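Only one structure is covered here, and it is reproduced in the block below.
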Number of protein chains: 2
Amino acid sequence: MDPVTIVLVLSVLGMFYVRKLIKDLTRHTEGPDSMKEIATYIREGSDAFLYRELKTISLFTVLISALLWLTIGWQTAVSFVFGAVLSALAAYVGMKVSTWANVRVAANALEGGKEAGVMAYKGGAVTGLCLVAMSLIGITSLYKWFGTPVPLAGFGFGASLSAVFLQLGGGIFTKAADVGADLAGKIEKNLPEDDPRNPAVIADLVGDNVGDCAGRGTDLFESFSDNIIATMILGLSFVFMFGNQAVIFPLLVQAVGLVATIVALLFLRRNKDILKTIYISFGMSALVNLVGLYWLATNYMNDPLLFLAGAIGLLTSIVVAGTVLYYTDSRFKPTREVGESSLRGTGVLLIQGMAYGLESAVAPMLFIGAVIWGVNALFGGGIYGLYGIASAALGILSMTGIIMAADTFGPIADNADGIGELSGNEAKVGKVTDQLDAAGNTTKATTKGFAMACALMTSITMLFAYLRELATDAGVNLMNIVVNLAHPVTVVAIFFGAVLPFWFSALAIKAVGKTADQIVEEVRRQWKENKDILKGKAKPDYARCVDISTKAALRAMILPAVLAVIMPIVAGVIFGPLALAAYLVAVNTVAPLLALFMYNAGGSWDNAKKYVSVKYKAKYPEAYKAAVAGDTLGDPLKDTAGPSLHVLVKLQSIVAITLLPLFL
Amino acid sequence: MDPVTIVLVLSVLGMFYVRKLIKDLTRHTEGPDSMKEIATYIREGSDAFLYRELKTISLFTVLISALLWLTIGWQTAVSFVFGAVLSALAAYVGMKVSTWANVRVAANALEGGKEAGVMAYKGGAVTGLCLVAMSLIGITSLYKWFGTPVPLAGFGFGASLSAVFLQLGGGIFTKAADVGADLAGKIEKNLPEDDPRNPAVIADLVGDNVGDCAGRGTDLFESFSDNIIATMILGLSFVFMFGNQAVIFPLLVQAVGLVATIVALLFLRRNKDILKTIYISFGMSALVNLVGLYWLATNYMNDPLLFLAGAIGLLTSIVVAGTVLYYTDSRFKPTREVGESSLRGTGVLLIQGMAYGLESAVAPMLFIGAVIWGVNALFGGGIYGLYGIASAALGILSMTGIIMAADTFGPIADNADGIGELSGNEAKVGKVTDQLDAAGNTTKATTKGFAMACALMTSITMLFAYLRELATDAGVNLMNIVVNLAHPVTVVAIFFGAVLPFWFSALAIKAVGKTADQIVEEVRRQWKENKDILKGKAKPDYARCVDISTKAALRAMILPAVLAVIMPIVAGVIFGPLALAAYLVAVNTVAPLLALFMYNAGGSWDNAKKYVSVKYKAKYPEAYKAAVAGDTLGDPLKDTAGPSLHVLVKLQSIVAITLLPLFL
């Protein structure tokens, strides 16, 4: 069998393992009827949201693929459809399984919770494996069909389109519901989190599934696919050196990544502390990846340097995740200081969080810059230097499956906790799920840092893939392409690109504010019109809040998503394909800085709130209020605008690569 | 007389007019002893701060000028000392006169306040004229001495050094005092603004002088000087075309600017509304500038296009100032919405302000980008296109004198209001000074937008001046210089530059938070140890709060200032002079975006607070508290980090130009 077929077969086998994971999961009980009822609400809400979301995506998919067919070619159009559909499908399966897992985890917690942690993690692994396997299935089939990776840029574009809608829509939904529920419940009426009397509480739980689970899933699907495709395109430059091997190498690396994920899951052991289980599985997956990568580098590519680049990539993701942890965990100085400053009022708490948030963007960017510089030098510069940088990105992304499992673990645990509370079983269930929820918050910091490192390294790889395509079309060597910054038009293109992340984030954040307002109004209305709700004698109308969030989120996501697609086209048409590269560099630089700031400021305020809640809430209620204000500001930053910026970055490059023929 | 001598003579005459303005001012009475006493406190505090600030600047000036002498040449070193000293001197004179004006304005208000507005404006004009005249005196003398503009980069560097210290130190001082006074006074004890029982209140008033007046003065001195010098250097490219005229043209344009300022002041008429007076003087100054520019362009340079470029520059500053006004004034939608959202809690108010702040950076950057693009095309591209862009910047900066007058008007009016209140004359004085204060807040929006447009256009001009120097040293034509973005090292240099504004702002904001903490502690201590203070029976120890702010601000400014000087040197050494240009572009792009966001979010929260205070404070105290939290977060953004970023941008380019021989 040729190597590409092997990757395809492995990926299909991966999907069989997914089926096994799902079967193992559904064998567990869903618990008492009270739990089933809540779970049904969540499922219905999530389905309703995703159904309408997919309708919008389908519409755009048809429209754009038709345009691609007419302007670029049928292969690109077909790839586009594949990318959009597979990405959405992976997200759909992942989210569906999460809504099956949450109630089972809660039910298991009711019985003592021995299995609960591992169940939640394996539930999350469905999303992780699905996205890796489906992406590989799509890319290998198309590559086998077309025989060249160039039209596969359309696949990346399709994946980006799904991602921008799902991440944005999901992000707006989840934070609008969260902020709305908090404002009306926690702040106005002093209700605890997940109180059944709060009509927005189900919307909040639905949000965890559609935002964190489906949204992040498509984000990583996009990074994963874009990175493979961009590296394949760069690999075309080495046909004289390695034959087709440099093109196929990225596929093999990620097939190893798939196997590594499965191995880590097969050897999963239950520990008292679920975090230990998760970290051991990370280590196991990394080990298998490194061994596989070493074998591929030395035996398939005959260059151990490629192993070194991949290992450096892995290290990068650990460092970036480490800085996220440092800035957002209250065990460390920044967030502790933010928490302590709550005693001196809301203003000081906000100032401190803002300052640390801005600072937190510095170290990761400098580190990634140093890695790009170092790897390039290590590979002796030139085109091979660029291939080295791409390989570093491959190294990071080989961990996608297992990282995504840990990421989806979070919302499952969070949902289980909510189901326990809403079904009136908080006493028993809470003991288990609170711990899981806390573990989920810690892994989130890791996975966000990972997603960030992926997005940035991928987009740099894509920049060079774009330049390679440009060089090929111009009939020159990639190294002879000149994008001259010493020219006013290039500088203006940089301005143009740098503006986009600010604009896009502003729209996303504003959407959360507006939708949250509507939720607050609705919650107040329900309480006013039926006094029994607050007394706990009547059930609130949960579905209405879900419905409002859904409609508002879907409406609000259109403008920023369209802006994100239109801007690179406008830039390409006005400034031409060379200055478009400058535009891409600007987006690639500004968006990650802004995203890091938003993530970390938001994460820090979130954890500072928890810190204050434990330490000062009872004695200084004003301090707690200050901390809640910070958390609320941080919500749309860290869970709507921040993650959407990742998607934005990659979308810019992939649009540029796909539509390059139009700008020439 | 040769044109350069004419400019020198005009500038010296300008200083005589400054003397006349001061004499006119000091003829007025300082009012009752109670006012004199408060004014003395403010003066002593301002002097003490500036004295220590100047000591620090002197130390760095001696050190850096010695290094410049050794590495670059004595001419650059001498220019550096000139720049640092003249900039500091202009700021010193301006601030000194402000502290003479404030009490006289208050005294005049006590007598009905017929003259108060014009007095405050003319007091501000001293700062405006001083900086224009002193900059021109310095530049023309050095140019006459050396016969070439190249070593004058040292003058710009010196001015930048003064500016970074004065703007940062002043900005930290003023906001730490402001935030500290508010937190302890307004929020904890519900005292009104400027209440004499608040020990931090004098520090707050001192802050207006050292931050807004001296700080902004050095910022504009720097833009003004840098822009002239950079354009002169670019002008060297046209010796074949215009002889030395293209080098001297910027000096002549700004001499016209000086005359225009004096004409506007000579024809100043008192109006019921001081804003009308100010706007008429803006119009008058603009008119004289345009006429003068037209004459110079057609008769001296024989190219009316240069007039057009200058006029477009003027238009740019109006547009940028207009967007600032739109986003920060509660008559318009954004700030009104932010204000209204106070009813739905602190979180929503913060989210809205954040979203509009991010959005507000978009339009000005796009507009300035369009202007650069358009002017370059208008001049047919090439080096002459760059000269056209520089001329547009000259057009903006020809308004410096009158704009700075309006800017300094603000703190004088603010101080007068405070003096009235603290001396127990609020009833009579407030009627007049409240109006002046409100006018000051409106002009501030205009002048901030102006300072921003100046900084950005200047830094772009400087970028090309840097590239010209690089080309000259390499013995090639400027248009043949290539900074290739399609190269990993250039991309890394971009990352490196983009990180700096985040880092620098973080340090500045953190400094405000920490210093404000110390002020709050001190205020609480005084109130605790002497219960009579809060009863109004004993005087608080104002000087101690001033002293704490001074020490803390001076300590905190060192690290960011040193970072700002070191980073471009490190970038130049590591990446080389070509990639250093990419580094500069990154700073030039990211810093203005961040500054606009910070300005406008801060300004919006500030005015939203005033809006809420009038509309909702009485009925919904919680809404007012929410608005105060937003305002507090906004304070260090809009008055410390934001303005310091302007200085940072220019400092980067001027360091690069001055030290270029080291990187080759």
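Residues are named by chain letter and number: chains run A, B, ... in the order of the structure tokens, numbers start at 1 in each chain, and ligands are numbered from 1 in the order shown.
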Q: Could you please select, counting only C-alpha atoms, the residues of chain B within 6 Å of chain A and state them as a PyMOL selection string?
A: chain B and resi 346-347+350-351+355+358-359+362+369+482-486+492+499+502-503+506+509-510+629+632-633
Just to be explicit: take each residue in the selection above, keep C-alpha atoms, and write the result as a PDB file, in the first residue's frame.
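So part_38.pdb came out as:
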```
ATOM      1  CA  THR B 346     -21.054  47.252  35.773  1.00  0.00           C
ATOM      2  CA  GLY B 347     -20.324  44.268  33.536  1.00  0.00           C
ATOM      3  CA  LEU B 350     -17.580  47.641  30.695  1.00  0.00           C
ATOM      4  CA  ILE B 351     -18.351  45.329  27.782  1.00  0.00           C
ATOM      5  CA  ALA B 355     -16.370  47.088  22.229  1.00  0.00           C
ATOM      6  CA  LEU B 358     -11.849  48.657  19.929  1.00  0.00           C
ATOM      7  CA  GLU B 359     -14.115  49.779  17.114  1.00  0.00           C
ATOM      8  CA  VAL B 362     -10.774  51.360  12.888  1.00  0.00           C
ATOM      9  CA  GLY B 369      -4.008  54.791   5.452  1.00  0.00           C
ATOM     10  CA  VAL B 482      14.193  46.415  -0.161  1.00  0.00           C
ATOM     11  CA  VAL B 483      12.827  45.288   3.175  1.00  0.00           C
ATOM     12  CA  ASN B 484      11.529  41.901   2.190  1.00  0.00           C
ATOM     13  CA  LEU B 485       8.572  40.736   4.223  1.00  0.00           C
ATOM     14  CA  ALA B 486       8.694  37.352   2.490  1.00  0.00           C
ATOM     15  CA  VAL B 492      10.045  37.917  13.452  1.00  0.00           C
ATOM     16  CA  VAL B 499       4.962  43.294  21.197  1.00  0.00           C
ATOM     17  CA  PHE B 502       1.610  45.893  24.731  1.00  0.00           C
ATOM     18  CA  TRP B 503       4.539  45.545  27.083  1.00  0.00           C
ATOM     19  CA  ALA B 506       1.199  47.108  30.667  1.00  0.00           C
ATOM     20  CA  ILE B 509      -0.935  50.900  33.651  1.00  0.00           C
ATOM     21  CA  LYS B 510       0.452  48.691  36.372  1.00  0.00           C
ATOM     22  CA  ALA B 629     -15.844  51.744  37.834  1.00  0.00           C
ATOM     23  CA  THR B 632     -11.538  54.398  36.893  1.00  0.00           C
ATOM     24  CA  LEU B 633     -10.450  51.689  34.471  1.00  0.00           C
TER      25      LEU B 633
END
```
Q | helix (DSSP H, G or I) positions in range 102-205 of chain B, given as a ChimeraX atom specification | A | /B:102-110,116-146,150-189,201-205
Q: Find the residues around range 204-213 of chain A up to 6 Å (only C-alpha atoms counted), leave out those fewer than 2 positions away in its own chain, and share them as a PyMOL selection string.
A: chain A and resi 42+46+170-171+173-174+177-178+201-202+215-217+408+411+415
Save the residues we just selected, all heavy atoms, as an mmCIF file, in the first residue's frame?
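After the write, selection-v9.cif holds the following:
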```
data_model
loop_
_atom_site.group_PDB
_atom_site.id
_atom_site.type_symbol
_atom_site.label_atom_id
_atom_site.label_comp_id
_atom_site.auth_asym_id
_atom_site.auth_seq_id
_atom_site.Cartn_x
_atom_site.Cartn_y
_atom_site.Cartn_z
ATOM 1 N N ILE A 42 -31.332 20.405 27.570
ATOM 2 C CA ILE A 42 -30.032 20.843 27.041
ATOM 3 C C ILE A 42 -29.856 20.354 25.605
ATOM 4 O O ILE A 42 -29.435 21.094 24.716
ATOM 5 C CB ILE A 42 -28.877 20.319 27.921
ATOM 6 C CG1 ILE A 42 -28.996 20.892 29.331
ATOM 7 C CG2 ILE A 42 -27.527 20.676 27.316
ATOM 8 C CD1 ILE A 42 -27.946 20.371 30.301
ATOM 9 N N SER A 46 -29.384 22.573 22.320
ATOM 10 C CA SER A 46 -28.163 22.478 21.509
ATOM 11 C C SER A 46 -28.497 22.106 20.073
ATOM 12 O O SER A 46 -27.947 22.681 19.128
ATOM 13 C CB SER A 46 -27.217 21.421 22.091
ATOM 14 O OG SER A 46 -27.003 21.632 23.460
ATOM 15 N N GLY A 170 -21.345 30.298 18.259
ATOM 16 C CA GLY A 170 -21.304 29.602 19.545
ATOM 17 C C GLY A 170 -20.770 30.485 20.646
ATOM 18 O O GLY A 170 -21.287 30.498 21.765
ATOM 19 N N GLY A 171 -19.734 31.239 20.328
ATOM 20 C CA GLY A 171 -19.128 32.123 21.325
ATOM 21 C C GLY A 171 -20.083 33.207 21.773
ATOM 22 O O GLY A 171 -20.163 33.535 22.968
ATOM 23 N N PHE A 173 -23.407 33.050 21.570
ATOM 24 C CA PHE A 173 -24.478 32.378 22.308
ATOM 25 C C PHE A 173 -24.059 32.111 23.750
ATOM 26 O O PHE A 173 -24.735 32.483 24.704
ATOM 27 C CB PHE A 173 -24.814 31.048 21.624
ATOM 28 C CG PHE A 173 -25.962 30.310 22.258
ATOM 29 C CD1 PHE A 173 -27.199 30.274 21.638
ATOM 30 C CD2 PHE A 173 -25.819 29.660 23.475
ATOM 31 C CE1 PHE A 173 -28.269 29.595 22.216
ATOM 32 C CE2 PHE A 173 -26.874 28.987 24.061
ATOM 33 C CZ PHE A 173 -28.105 28.952 23.431
ATOM 34 N N THR A 174 -22.912 31.443 23.901
ATOM 35 C CA THR A 174 -22.555 30.974 25.234
ATOM 36 C C THR A 174 -22.321 32.124 26.198
ATOM 37 O O THR A 174 -22.735 32.085 27.361
ATOM 38 C CB THR A 174 -21.344 30.014 25.183
ATOM 39 O OG1 THR A 174 -21.063 29.574 26.510
ATOM 40 C CG2 THR A 174 -20.099 30.669 24.640
ATOM 41 N N ALA A 177 -25.624 34.099 27.050
ATOM 42 C CA ALA A 177 -26.427 33.347 28.014
ATOM 43 C C ALA A 177 -25.786 33.398 29.403
ATOM 44 O O ALA A 177 -26.455 33.619 30.413
ATOM 45 C CB ALA A 177 -26.562 31.902 27.542
ATOM 46 N N ASP A 178 -24.467 33.222 29.435
ATOM 47 C CA ASP A 178 -23.743 33.222 30.700
ATOM 48 C C ASP A 178 -23.867 34.573 31.394
ATOM 49 O O ASP A 178 -24.254 34.674 32.568
ATOM 50 C CB ASP A 178 -22.271 32.884 30.390
ATOM 51 C CG ASP A 178 -21.454 32.681 31.639
ATOM 52 O OD1 ASP A 178 -22.030 32.745 32.737
ATOM 53 O OD2 ASP A 178 -20.233 32.469 31.526
ATOM 54 N N VAL A 201 -30.808 29.565 32.800
ATOM 55 C CA VAL A 201 -29.779 28.628 33.236
ATOM 56 C C VAL A 201 -29.550 27.507 32.212
ATOM 57 O O VAL A 201 -28.414 27.053 32.019
ATOM 58 C CB VAL A 201 -30.121 28.097 34.653
ATOM 59 C CG1 VAL A 201 -31.259 27.112 34.588
ATOM 60 C CG2 VAL A 201 -28.914 27.522 35.319
ATOM 61 N N ILE A 202 -30.619 27.091 31.539
ATOM 62 C CA ILE A 202 -30.435 26.045 30.524
ATOM 63 C C ILE A 202 -29.676 26.606 29.324
ATOM 64 O O ILE A 202 -28.777 25.956 28.773
ATOM 65 C CB ILE A 202 -31.808 25.471 30.074
ATOM 66 C CG1 ILE A 202 -32.475 24.711 31.229
ATOM 67 C CG2 ILE A 202 -31.652 24.559 28.864
ATOM 68 C CD1 ILE A 202 -31.865 23.379 31.564
ATOM 69 N N GLY A 215 -17.555 24.950 18.930
ATOM 70 C CA GLY A 215 -16.743 26.065 18.456
ATOM 71 C C GLY A 215 -15.264 25.730 18.434
ATOM 72 O O GLY A 215 -14.600 25.824 17.403
ATOM 73 N N ARG A 216 -14.721 25.326 19.577
ATOM 74 C CA ARG A 216 -13.302 25.007 19.653
ATOM 75 C C ARG A 216 -12.954 23.856 18.726
ATOM 76 O O ARG A 216 -11.872 23.815 18.137
ATOM 77 C CB ARG A 216 -12.924 24.665 21.109
ATOM 78 C CG ARG A 216 -11.474 24.274 21.368
ATOM 79 C CD ARG A 216 -10.487 25.432 21.379
ATOM 80 N NE ARG A 216 -11.028 26.604 22.001
ATOM 81 C CZ ARG A 216 -11.072 26.819 23.307
ATOM 82 N NH1 ARG A 216 -10.580 25.950 24.146
ATOM 83 N NH2 ARG A 216 -11.604 27.904 23.800
ATOM 84 N N GLY A 217 -13.902 22.894 18.588
ATOM 85 C CA GLY A 217 -13.661 21.764 17.691
ATOM 86 C C GLY A 217 -13.394 22.215 16.267
ATOM 87 O O GLY A 217 -12.431 21.789 15.634
ATOM 88 N N THR A 408 -12.807 19.298 25.636
ATOM 89 C CA THR A 408 -14.231 18.985 25.660
ATOM 90 C C THR A 408 -14.632 18.379 27.008
ATOM 91 O O THR A 408 -15.796 18.444 27.401
ATOM 92 C CB THR A 408 -14.591 18.013 24.517
ATOM 93 O OG1 THR A 408 -13.955 18.474 23.337
ATOM 94 C CG2 THR A 408 -16.068 17.947 24.296
ATOM 95 N N PRO A 411 -16.564 21.288 29.250
ATOM 96 C CA PRO A 411 -18.010 21.516 29.188
ATOM 97 C C PRO A 411 -18.832 20.305 29.620
ATOM 98 O O PRO A 411 -19.932 20.479 30.161
ATOM 99 C CB PRO A 411 -18.258 21.849 27.704
ATOM 100 C CG PRO A 411 -16.989 21.635 26.980
ATOM 101 C CD PRO A 411 -15.897 21.624 27.981
ATOM 102 N N ASN A 415 -21.454 20.756 32.488
ATOM 103 C CA ASN A 415 -22.848 20.365 32.281
ATOM 104 C C ASN A 415 -23.320 19.351 33.319
ATOM 105 O O ASN A 415 -24.434 19.448 33.824
ATOM 106 C CB ASN A 415 -23.005 19.750 30.895
ATOM 107 C CG ASN A 415 -23.552 20.723 29.861
ATOM 108 O OD1 ASN A 415 -24.683 20.608 29.444
ATOM 109 N ND2 ASN A 415 -22.757 21.709 29.477
#
```
(Q) I need the residue nearest Leu314 in chain B from this list: B:Thr400, B:Leu554, B:Ala246, B:Leu268. Use only C-alpha atoms for the distance. (A)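 Going through B:Thr400, B:Leu554, B:Ala246, B:Leu268 one by one, the smallest distance to Leu314 in chain B is for B:Thr400.
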(Q) What does the structure give for the distance between CA of Leu251 in chain A and CA of Ile57 in chain A, in Å to one decimal? (A)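 Taking CA of Leu251 in chain A and CA of Ile57 in chain A, their separation equals 27.4 Å.
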Q) For Pro661 in chain B, which of B:Ala474, B:Leu563, B:Leu306, B:Cys545 is the closest residue, counting only C-alpha atoms? A) B:Ala474
Q: Mind checking which residues fall within 8 Å of Gly440 in chain B, counting only C-alpha atoms, ignoring those fewer than 5 positions away in the same chain, and posting them as a list in words?
A: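 Answer for this query is Ala406, Asp407, Phe409, Gly410, Pro411, Ala413 and Asp414 of chain B.
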Those selected residues, please, written with C-alpha atoms and delivered as an mmCIF file, in the first residue's frame.
```
data_model
loop_
_atom_site.group_PDB
_atom_site.id
_atom_site.type_symbol
_atom_site.label_atom_id
_atom_site.label_comp_id
_atom_site.auth_asym_id
_atom_site.auth_seq_id
_atom_site.Cartn_x
_atom_site.Cartn_y
_atom_site.Cartn_z
ATOM 1 C CA ALA B 406 -6.586 74.728 23.675
ATOM 2 C CA ASP B 407 -5.146 71.638 25.284
ATOM 3 C CA PHE B 409 -6.662 75.548 28.580
ATOM 4 C CA GLY B 410 -8.194 72.363 30.035
ATOM 5 C CA PRO B 411 -5.944 71.814 33.066
ATOM 6 C CA ALA B 413 -9.716 75.617 33.923
ATOM 7 C CA ASP B 414 -9.784 72.380 35.890
#
```
**Q.** Residue neighbourhood range 16-28 of chain B, 7 Å, only C-alpha atoms, exclusion window fewer than 2 positions, as a list in words
**A.** Val12, Leu13, Gly14, Glu30, Ala101, Arg104, Met119, Lys122, Val126, Leu129 and Cys130 of chain B
Q. What is the distance, in Å and to one decimal place, between CA of Thr433 in chain A and CA of Gly31 in chain A?
A.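 CA of Gly31 in chain A lies at a distance of 14.8 Å from CA of Thr433 in chain A.
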Q: Would you please work out which residue, of A:Leu287, A:Val565, A:Leu166, A:Ala260, is nearest to Arg52 in chain A when using only C-alpha atoms?
A: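 Between A:Leu287, A:Val565, A:Leu166, A:Ala260, the residue approaching Arg52 in chain A most closely is A:Leu166.
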Q.
Which residues are close to Ala48 in chain A, i.e. within 10 Å by only C-alpha atoms, leaving aside same-chain residues fewer than 6 positions away? Reply as number ranges by chain.
A. A: 42, 54, 546-547, 550
Q. Quick one: of B:Gln526, B:Ser98, B:Thr323, B:Thr298, who's nearest to Pro540 in chain B, counting only C-alpha atoms?
A.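 So, comparing all the options, the nearest one is B:Gln526.
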Q: State, in Å with one decimal place, the distance from CA of Ala618 in chain A to CA of Val338 in chain A.
A: 18.3 Å
